[in-house]
Amino acid sequence: MNKKTLPGFSTRAIHAGNEADPSTGAVAPPIFATSTYAQEELGKTKGYDYSRAGNPTRTRLEENLASLEGGIASRVFASGMAAVGAVCHLMKAGDHIVASNNLYGGVPRLFDQIMANFGLEFTYVDSTDPHNVERAIRRNTRYVYIETPTNPLMGLTDIAAVSEIAHKRGCEVVVDNTFMSPYFQQPIQFGADMVMHSTTKFLNGHSDGLGGVLVCTTKDQAEKLAFVQKAAGAIMSPFECWLVLRGTKTLAVRMKQHDENGRVMADFLSGHPKVEQVFYPGLKSHPQYELACRQMWGFGSMITFETGSLGNAKRLLKRVRLCTMGESLGGVETLISHPATMTHAAIGQKGRKAIGLTDGMVRLSVGIEDVEDLIADLEQALG
Ligand SMILES: Cc1ncc(COP(=O)(O)O)c(C=O)c1O
């Protein structure tokens with residue numbers, strides 16, 4: 001179908017992959033809790049033979065997510081990290097990845113402490129300047145792996161510029177779109193070859209399940225990743241698939257509210273005397289505000305701010321009452337975290353210093369509560 005004739009985002013979020021169950025008419029997709037499938041005769045199945053290889057609830061979610069990101073197919077995995085691992089499973093010893101130097105800390109941990117042992121090679125660059133990506137590409141580079149905006153410093157990478165550079169050199173671009181969700185950013189429109197999400201975050205949206213997805217732009221990627229699902233086995237369970245399918249139905253309304261609350265909160269923090277700096281792409285003071293307006297349709301609700309010291313950060317985190325201190329993001333409830341000791345502990349102090357991540361930084365995933373209540377909570381905690 002021509003892109004222009006596709007139904008709108010919310011319509012696809014609710015209907016793609018969510019057709020009524022043909023055998024019962026059930027409007028909500030059934031959870032196919034089955035490991036295997038009865039076969040009529042040797043070699044004759046109804047399209048499924050074993051749930052590691054395929055499951056109807058999973059098929060529905062894969063259709064839904066492909067439609068939302070504008071891909072041709074998608075493959076879902078047991079977690080965001082399992083999806084990143086699946087990208088590595090497409091490679092062989094001696095292949096190289098150019099990665100952004102500011103990623104969710106678990107990604108360089110996987111690359112350097114596990115995948116490097118199998119002969120994969122990695123170079124980290126500041127991808128906010130696409131020339132750095134260009135300089136790092138080698139003859140054996142297979143993928144450029146970026147996250148935009150980055151976790152937690154909210155740096156942006158120009159997806160179109162990096163894709164053009166990578167394609168000229170024969171490599172593919174994988175974009176982690178977890179922070180924006182397809183509602184606010186669709187990397188494939190800007191030339192990305194694959195889109196990754198930790199579905200654990202905004203796609204699920206309710207902090208009640210783990211998962212990951214790779215949205216594909218070619219049949220080759222889709223087939224190879226289906227093989228990785230079947231061969232390596234880190235697939236999403238039918239129940240988790242159902243949770244994400246349920247979550248994406250309200251993605252548009254949730255994202256609108258996240259964005260509205262995020263903007264109000266960023267303004268509040270920017271004007272607060274105890275806050276030294278606010279990292280949010282929706283602020284005109286953000287160095288890449290212009291790029292944010294070009295490749296994103298909203299700014300979301302991820303905000304990092306500088307409290308000045310570890311002591312200040314600790315005090316603030318202890319005093320919050322409505323905001324929940326915890327890892328993760330993208331749920332309906334506001335989560336507050338300390339990147340240096342939580343999400344980015346894995347990259348060590350040297351790694352954090354290299355990207356400018358300080359001990360005084362606090363990250364907010366602004367939820368969809370009444371924003372006045374969130375501000376009141378932060379006001380008392382900062383005070
Ligand atoms: C941007 C980003 N990418 C990937 C991941 C990894 O996802 P998961 O925790 O679902 O394995 C996370 C987790 O926090 C993340 O924030």
# chains A, B, ... in the order shown; residues from 1 in each chain; ligands from 1

$ residues_near_ligand --ligand "ligand 1" --cutoff "7 Å" --atoms "only C-alpha atoms and all ligand atoms" --output "list of chain:residue names"
A:Ser79, A:Gly80, A:Met81, A:Ala82, A:Leu103, A:Tyr104, A:Gly106, A:Glu147, A:Asn151, A:Asp176, A:Thr178, A:Phe179, A:His197, A:Ser198, A:Thr199, A:Thr200, A:Leu210, A:Gly211, A:Gly212, A:Ser328, A:Thr343

$ select_by_dssp --residues "stretch 103-295 of chain A" --states "alpha helix (DSSP H)" --output "count of residues only"
81

$ residues_around --residues "A:Ala99" --least-positions-apart "3" --cutoff "9 Å" --atoms "only C-alpha atoms" --output "VMD selection string"
chain A and resid 102 to 103 108 122 to 127 133 143 to 147

$ residues_around --residues "A:Glu369" --least-positions-apart "5" --cutoff "10 Å" --atoms "only C-alpha atoms" --output "mmCIF file with C-alpha atoms, in the first residue's frame"
data_model
loop_
_atom_site.group_PDB
_atom_site.id
_atom_site.type_symbol
_atom_site.label_atom_id
_atom_site.label_comp_id
_atom_site.auth_asym_id
_atom_site.auth_seq_id
_atom_site.Cartn_x
_atom_site.Cartn_y
_atom_site.Cartn_z
ATOM 1 C CA GLN A 257 0.105 13.740 27.433
ATOM 2 C CA HIS A 258 3.733 12.715 28.097
ATOM 3 C CA ASN A 261 3.715 17.254 30.775
ATOM 4 C CA LEU A 322 4.847 11.095 44.057
ATOM 5 C CA CYS A 323 7.700 10.428 41.618
ATOM 6 C CA VAL A 332 2.251 6.176 32.849
ATOM 7 C CA GLU A 333 3.785 6.903 36.270
ATOM 8 C CA THR A 334 6.641 9.370 36.686
ATOM 9 C CA LEU A 374 4.388 16.409 39.833
#

$ residues_around --residues "A:Thr59" --least-positions-apart "2" --cutoff "12 Å" --atoms "only C-alpha atoms" --output "PDB file with N, CA and C atoms, in the first residue's frame"
ATOM      1  N   ALA A  16      -4.043  -2.369  13.374  1.00  0.00           N
ATOM      2  CA  ALA A  16      -3.056  -3.236  12.689  1.00  0.00           C
ATOM      3  C   ALA A  16      -2.714  -4.433  13.572  1.00  0.00           C
ATOM      4  N   GLY A  17      -2.909  -5.610  13.046  1.00  0.00           N
ATOM      5  CA  GLY A  17      -2.644  -6.840  13.793  1.00  0.00           C
ATOM      6  C   GLY A  17      -3.742  -7.182  14.795  1.00  0.00           C
ATOM      7  N   ASN A  18      -4.742  -6.321  14.910  1.00  0.00           N
ATOM      8  CA  ASN A  18      -5.776  -6.518  15.948  1.00  0.00           C
ATOM      9  C   ASN A  18      -7.137  -6.915  15.384  1.00  0.00           C
ATOM     10  N   GLU A  19      -7.157  -7.572  14.244  1.00  0.00           N
ATOM     11  CA  GLU A  19      -8.425  -8.018  13.668  1.00  0.00           C
ATOM     12  C   GLU A  19      -9.111  -8.970  14.658  1.00  0.00           C
ATOM     13  N   PRO A  29      -7.274  -9.504  21.057  1.00  0.00           N
ATOM     14  CA  PRO A  29      -6.531 -10.655  20.528  1.00  0.00           C
ATOM     15  C   PRO A  29      -6.304 -11.720  21.597  1.00  0.00           C
ATOM     16  N   PRO A  30      -6.540 -12.973  21.282  1.00  0.00           N
ATOM     17  CA  PRO A  30      -6.297 -14.029  22.276  1.00  0.00           C
ATOM     18  C   PRO A  30      -4.804 -14.191  22.571  1.00  0.00           C
ATOM     19  N   ILE A  31      -4.513 -14.629  23.796  1.00  0.00           N
ATOM     20  CA  ILE A  31      -3.130 -14.976  24.144  1.00  0.00           C
ATOM     21  C   ILE A  31      -2.977 -16.457  23.829  1.00  0.00           C
ATOM     22  N   PHE A  32      -2.200 -16.777  22.815  1.00  0.00           N
ATOM     23  CA  PHE A  32      -2.026 -18.179  22.444  1.00  0.00           C
ATOM     24  C   PHE A  32      -0.957 -18.800  23.329  1.00  0.00           C
ATOM     25  N   GLY A  47       0.330 -23.071   9.733  1.00  0.00           N
ATOM     26  CA  GLY A  47       1.240 -21.926   9.685  1.00  0.00           C
ATOM     27  C   GLY A  47       2.150 -21.831  10.900  1.00  0.00           C
ATOM     28  N   TYR A  48       1.866 -22.636  11.920  1.00  0.00           N
ATOM     29  CA  TYR A  48       2.693 -22.615  13.142  1.00  0.00           C
ATOM     30  C   TYR A  48       3.028 -24.047  13.523  1.00  0.00           C
ATOM     31  N   SER A  51       6.302 -22.752  19.224  1.00  0.00           N
ATOM     32  CA  SER A  51       6.178 -21.325  19.576  1.00  0.00           C
ATOM     33  C   SER A  51       7.490 -20.549  19.642  1.00  0.00           C
ATOM     34  N   ARG A  52       8.631 -21.243  19.637  1.00  0.00           N
ATOM     35  CA  ARG A  52       9.883 -20.480  19.515  1.00  0.00           C
ATOM     36  C   ARG A  52       9.986 -19.902  18.107  1.00  0.00           C
ATOM     37  N   ALA A  53       9.509 -20.673  17.142  1.00  0.00           N
ATOM     38  CA  ALA A  53       9.563 -20.230  15.742  1.00  0.00           C
ATOM     39  C   ALA A  53       8.437 -19.269  15.396  1.00  0.00           C
ATOM     40  N   GLY A  54       7.275 -19.442  16.016  1.00  0.00           N
ATOM     41  CA  GLY A  54       6.164 -18.554  15.685  1.00  0.00           C
ATOM     42  C   GLY A  54       4.977 -18.773  16.587  1.00  0.00           C
ATOM     43  N   ASN A  55       4.248 -17.704  16.866  1.00  0.00           N
ATOM     44  CA  ASN A  55       3.067 -17.775  17.729  1.00  0.00           C
ATOM     45  C   ASN A  55       2.092 -16.705  17.230  1.00  0.00           C
ATOM     46  N   PRO A  56       0.792 -17.035  17.127  1.00  0.00           N
ATOM     47  CA  PRO A  56      -0.147 -16.070  16.538  1.00  0.00           C
ATOM     48  C   PRO A  56      -0.227 -14.729  17.279  1.00  0.00           C
ATOM     49  N   THR A  57      -0.086 -14.735  18.608  1.00  0.00           N
ATOM     50  CA  THR A  57      -0.130 -13.445  19.339  1.00  0.00           C
ATOM     51  C   THR A  57       1.096 -12.622  18.958  1.00  0.00           C
ATOM     52  N   LEU A  61       1.479  -8.805  17.104  1.00  0.00           N
ATOM     53  CA  LEU A  61       2.282  -7.675  17.597  1.00  0.00           C
ATOM     54  C   LEU A  61       3.307  -7.250  16.542  1.00  0.00           C
ATOM     55  N   GLU A  62       3.911  -8.226  15.869  1.00  0.00           N
ATOM     56  CA  GLU A  62       4.931  -7.879  14.865  1.00  0.00           C
ATOM     57  C   GLU A  62       4.317  -7.074  13.714  1.00  0.00           C
ATOM     58  N   GLU A  63       3.078  -7.401  13.368  1.00  0.00           N
ATOM     59  CA  GLU A  63       2.382  -6.619  12.319  1.00  0.00           C
ATOM     60  C   GLU A  63       2.104  -5.205  12.815  1.00  0.00           C
ATOM     61  N   ASN A  64       1.653  -5.122  14.046  1.00  0.00           N
ATOM     62  CA  ASN A  64       1.294  -3.825  14.635  1.00  0.00           C
ATOM     63  C   ASN A  64       2.513  -2.898  14.675  1.00  0.00           C
ATOM     64  N   LEU A  65       3.632  -3.402  15.189  1.00  0.00           N
ATOM     65  CA  LEU A  65       4.810  -2.538  15.355  1.00  0.00           C
ATOM     66  C   LEU A  65       5.429  -2.162  14.009  1.00  0.00           C
ATOM     67  N   ALA A  66       5.407  -3.094  13.054  1.00  0.00           N
ATOM     68  CA  ALA A  66       5.924  -2.772  11.708  1.00  0.00           C
ATOM     69  C   ALA A  66       5.111  -1.636  11.109  1.00  0.00           C
ATOM     70  N   ALA A  73       8.225  -5.341   8.149  1.00  0.00           N
ATOM     71  CA  ALA A  73       7.997  -6.440   9.099  1.00  0.00           C
ATOM     72  C   ALA A  73       8.704  -6.066  10.389  1.00  0.00           C
ATOM     73  N   SER A  74       8.409  -6.801  11.458  1.00  0.00           N
ATOM     74  CA  SER A  74       9.202  -6.597  12.676  1.00  0.00           C
ATOM     75  C   SER A  74       9.372  -7.937  13.367  1.00  0.00           C
ATOM     76  N   ARG A  75      10.363  -8.001  14.233  1.00  0.00           N
ATOM     77  CA  ARG A  75      10.623  -9.225  15.001  1.00  0.00           C
ATOM     78  C   ARG A  75      10.770  -8.830  16.464  1.00  0.00           C
ATOM     79  N   VAL A  76      10.041  -9.518  17.339  1.00  0.00           N
ATOM     80  CA  VAL A  76      10.092  -9.129  18.748  1.00  0.00           C
ATOM     81  C   VAL A  76      10.884 -10.136  19.577  1.00  0.00           C
ATOM     82  N   ALA A 226      14.040 -13.660  11.753  1.00  0.00           N
ATOM     83  CA  ALA A 226      13.131 -14.755  12.118  1.00  0.00           C
ATOM     84  C   ALA A 226      13.964 -16.002  12.416  1.00  0.00           C
ATOM     85  N   ILE A 235      12.891 -15.094  22.388  1.00  0.00           N
ATOM     86  CA  ILE A 235      11.656 -14.520  21.854  1.00  0.00           C
ATOM     87  C   ILE A 235      10.777 -13.909  22.955  1.00  0.00           C
ATOM     88  N   MET A 236       9.841 -13.045  22.533  1.00  0.00           N
ATOM     89  CA  MET A 236       8.892 -12.465  23.493  1.00  0.00           C
ATOM     90  C   MET A 236       7.770 -13.476  23.734  1.00  0.00           C
ATOM     91  N   SER A 237       7.359 -13.629  24.993  1.00  0.00           N
ATOM     92  CA  SER A 237       6.309 -14.606  25.293  1.00  0.00           C
ATOM     93  C   SER A 237       4.959 -14.089  24.793  1.00  0.00           C
ATOM     94  N   PRO A 238       3.994 -14.995  24.533  1.00  0.00           N
ATOM     95  CA  PRO A 238       2.681 -14.551  24.047  1.00  0.00           C
ATOM     96  C   PRO A 238       2.021 -13.550  24.995  1.00  0.00           C
ATOM     97  N   CYS A 241       3.608 -10.217  24.535  1.00  0.00           N
ATOM     98  CA  CYS A 241       3.170  -9.668  23.241  1.00  0.00           C
ATOM     99  C   CYS A 241       1.797  -9.028  23.398  1.00  0.00           C
ATOM    100  N   TRP A 242       0.929  -9.700  24.119  1.00  0.00           N
ATOM    101  CA  TRP A 242      -0.432  -9.202  24.330  1.00  0.00           C
ATOM    102  C   TRP A 242      -0.404  -7.878  25.106  1.00  0.00           C
ATOM    103  N   LEU A 245       0.656  -5.187  22.690  1.00  0.00           N
ATOM    104  CA  LEU A 245      -0.463  -4.909  21.768  1.00  0.00           C
ATOM    105  C   LEU A 245      -1.520  -4.039  22.455  1.00  0.00           C
TER     106      LEU A 245
END

$ closest_residue --among "A:Ala116, A:Val107, A:Met255, A:Ile97" --to "A:Arg139" --atoms "only C-alpha atoms"
A:Ile97

$ closest_atom_pairs --of "stretch 325-363 of chain A" --to "stretch 298-303 of chain A" --cutoff "9 Å" --atoms "only C-alpha atoms" --output "Markdown table"
| residue | atom | partner | partner_atom | distance |
| --- | --- | --- | --- | --- |
| A:Leu329 | CA | A:Met302 | CA | 8.1 |
| A:Gly330 | CA | A:Ser301 | CA | 8.2 |
| A:Val362 | CA | A:Ile303 | CA | 8.4 |
| A:Arg363 | CA | A:Ile303 | CA | 5.8 |

$ select_by_dssp --residues "stretch 175-271 of chain A" --states "strand (DSSP E)" --output "list in words"
Val175, Asp176, Met194, Val195, Met196, His197, Ser198, Gly212, Val213, Leu214, Val215 and Cys216 of chain A

$ residues_around --residues "A:Arg319" --least-positions-apart "5" --cutoff "9 Å" --atoms "only C-alpha atoms" --output "PyMOL selection string"
chain A and resi 314+377-378+380-382

$ write_last_selection --atoms "C-alpha atoms" --output "CSV table (one decimal), in the first residue's frame"
chain,number,residue,atom,x,y,z
A,314,LYS,CA,20.7,11.8,46.7
A,377,ASP,CA,6.4,17.1,44.5
A,378,LEU,CA,9.6,18.2,42.8
A,380,GLN,CA,9.2,20.2,47.9
A,381,ALA,CA,12.0,17.8,47.1
A,382,LEU,CA,14.3,20.4,45.7

$ closest_residue --among "A:Gln349, A:Met115, A:Thr218, A:Thr150" --to "A:Thr304" --atoms "only C-alpha atoms"
A:Thr150

$ residues_around --residues "A:Glu121" --least-positions-apart "2" --cutoff "10 Å" --atoms "only C-alpha atoms" --output "number ranges by chain"
A: 92-98, 111-112, 115-119, 123, 140-141

$ write_last_selection --atoms "C-alpha atoms" --output "PDB file, in the first residue's frame"
ATOM      1  CA  LYS A  92      30.335 -12.707  12.051  1.00  0.00           C
ATOM      2  CA  ALA A  93      33.774 -12.503  13.674  1.00  0.00           C
ATOM      3  CA  GLY A  94      35.746  -9.615  12.190  1.00  0.00           C
ATOM      4  CA  ASP A  95      32.666  -7.471  11.459  1.00  0.00           C
ATOM      5  CA  HIS A  96      32.591  -3.961  12.879  1.00  0.00           C
ATOM      6  CA  ILE A  97      29.953  -1.638  14.355  1.00  0.00           C
ATOM      7  CA  VAL A  98      30.288   2.127  14.641  1.00  0.00           C
ATOM      8  CA  PHE A 111      29.152  -5.131  22.948  1.00  0.00           C
ATOM      9  CA  ASP A 112      32.413  -4.915  24.918  1.00  0.00           C
ATOM     10  CA  MET A 115      30.181  -9.717  21.770  1.00  0.00           C
ATOM     11  CA  ALA A 116      33.834  -8.581  21.541  1.00  0.00           C
ATOM     12  CA  ASN A 117      34.773 -12.064  22.858  1.00  0.00           C
ATOM     13  CA  PHE A 118      33.283 -13.516  19.669  1.00  0.00           C
ATOM     14  CA  GLY A 119      35.446 -11.325  17.416  1.00  0.00           C
ATOM     15  CA  THR A 123      34.187   1.902  17.676  1.00  0.00           C
ATOM     16  CA  ASN A 140      34.463  -4.270   7.644  1.00  0.00           C
ATOM     17  CA  THR A 141      31.759  -1.995   9.131  1.00  0.00           C
TER      18      THR A 141
END

$ closest_residue --among "A:Ala346, A:Met154, A:Leu283, A:Met265" --to "A:Val371" --atoms "only C-alpha atoms"
A:Met265

$ atom_distance --atom1 "atom CA of A:Met361" --atom2 "atom CA of A:Met296"
24.4 Å

$ closest_residue --among "A:Glu306, A:Asn101, A:Met180, A:Gln113" --to "A:Lys201" --atoms "only C-alpha atoms"
A:Met180

$ atom_distance --atom1 "atom CA of A:Ser163" --atom2 "atom CA of A:Val175"
10.0 Å

$ decode --residues "stretch 232-261 of chain A" --atoms "N, CA and C atoms" --output "CSV table (one decimal), in the first residue's frame"
chain,number,residue,atom,x,y,z
A,232,ALA,N,18.3,-18.8,18.2
A,232,ALA,CA,18.8,-18.3,19.4
A,232,ALA,C,17.8,-18.4,20.5
A,233,GLY,N,16.5,-18.2,20.2
A,233,GLY,CA,15.4,-18.5,21.1
A,233,GLY,C,15.0,-17.4,22.1
A,234,ALA,N,15.6,-16.1,22.0
A,234,ALA,CA,15.3,-15.1,23.0
A,234,ALA,C,14.0,-14.3,22.5
A,235,ILE,N,12.9,-15.1,22.4
A,235,ILE,CA,11.7,-14.5,21.9
A,235,ILE,C,10.8,-13.9,23.0
A,236,MET,N,9.8,-13.0,22.5
A,236,MET,CA,8.9,-12.5,23.5
A,236,MET,C,7.8,-13.5,23.7
A,237,SER,N,7.4,-13.6,25.0
A,237,SER,CA,6.3,-14.6,25.3
A,237,SER,C,5.0,-14.1,24.8
A,238,PRO,N,4.0,-15.0,24.5
A,238,PRO,CA,2.7,-14.6,24.0
A,238,PRO,C,2.0,-13.6,25.0
A,239,PHE,N,2.2,-13.7,26.3
A,239,PHE,CA,1.6,-12.8,27.3
A,239,PHE,C,2.2,-11.4,27.2
A,240,GLU,N,3.5,-11.4,27.0
A,240,GLU,CA,4.2,-10.1,26.9
A,240,GLU,C,3.8,-9.4,25.6
A,241,CYS,N,3.6,-10.2,24.5
A,241,CYS,CA,3.2,-9.7,23.2
A,241,CYS,C,1.8,-9.0,23.4
A,242,TRP,N,0.9,-9.7,24.1
A,242,TRP,CA,-0.4,-9.2,24.3
A,242,TRP,C,-0.4,-7.9,25.1
A,243,LEU,N,0.5,-7.8,26.1
A,243,LEU,CA,0.6,-6.6,26.9
A,243,LEU,C,1.0,-5.4,26.0
A,244,VAL,N,2.0,-5.6,25.1
A,244,VAL,CA,2.4,-4.6,24.2
A,244,VAL,C,1.4,-4.2,23.2
A,245,LEU,N,0.7,-5.2,22.7
A,245,LEU,CA,-0.5,-4.9,21.8
A,245,LEU,C,-1.5,-4.0,22.5
A,246,ARG,N,-1.8,-4.3,23.7
A,246,ARG,CA,-2.7,-3.6,24.5
A,246,ARG,C,-2.2,-2.2,24.7
A,247,GLY,N,-0.9,-2.1,25.0
A,247,GLY,CA,-0.2,-0.8,25.2
A,247,GLY,C,-0.3,0.1,24.0
A,248,THR,N,0.0,-0.4,22.8
A,248,THR,CA,0.1,0.5,21.6
A,248,THR,C,-1.2,1.1,21.2
A,249,LYS,N,-2.3,0.4,21.7
A,249,LYS,CA,-3.6,1.0,21.3
A,249,LYS,C,-3.8,2.4,21.9
A,250,THR,N,-3.1,2.7,23.0
A,250,THR,CA,-3.3,4.0,23.6
A,250,THR,C,-2.0,4.8,23.4
A,251,LEU,N,-1.1,4.4,22.6
A,251,LEU,CA,0.2,5.0,22.4
A,251,LEU,C,0.0,6.5,22.1
A,252,ALA,N,-0.8,6.8,21.1
A,252,ALA,CA,-1.0,8.2,20.7
A,252,ALA,C,-1.4,9.1,21.8
A,253,VAL,N,-2.5,8.7,22.5
A,253,VAL,CA,-3.0,9.6,23.6
A,253,VAL,C,-2.0,9.7,24.7
A,254,ARG,N,-1.3,8.6,25.0
A,254,ARG,CA,-0.3,8.7,26.1
A,254,ARG,C,0.8,9.6,25.7
A,255,MET,N,1.3,9.4,24.5
A,255,MET,CA,2.5,10.3,24.1
A,255,MET,C,2.1,11.7,24.1
A,256,LYS,N,0.9,12.1,23.6
A,256,LYS,CA,0.5,13.5,23.7
A,256,LYS,C,0.6,14.1,25.1
A,257,GLN,N,0.1,13.3,26.0
A,257,GLN,CA,0.1,13.7,27.4
A,257,GLN,C,1.5,13.8,28.0
A,258,HIS,N,2.3,12.7,27.7
A,258,HIS,CA,3.7,12.7,28.1
A,258,HIS,C,4.4,14.0,27.6
A,259,ASP,N,4.2,14.3,26.4
A,259,ASP,CA,4.8,15.5,25.7
A,259,ASP,C,4.4,16.8,26.4
A,260,GLU,N,3.1,16.9,26.6
A,260,GLU,CA,2.5,18.1,27.3
A,260,GLU,C,3.2,18.3,28.7
A,261,ASN,N,3.1,17.2,29.4
A,261,ASN,CA,3.7,17.3,30.8
A,261,ASN,C,5.2,17.5,30.7
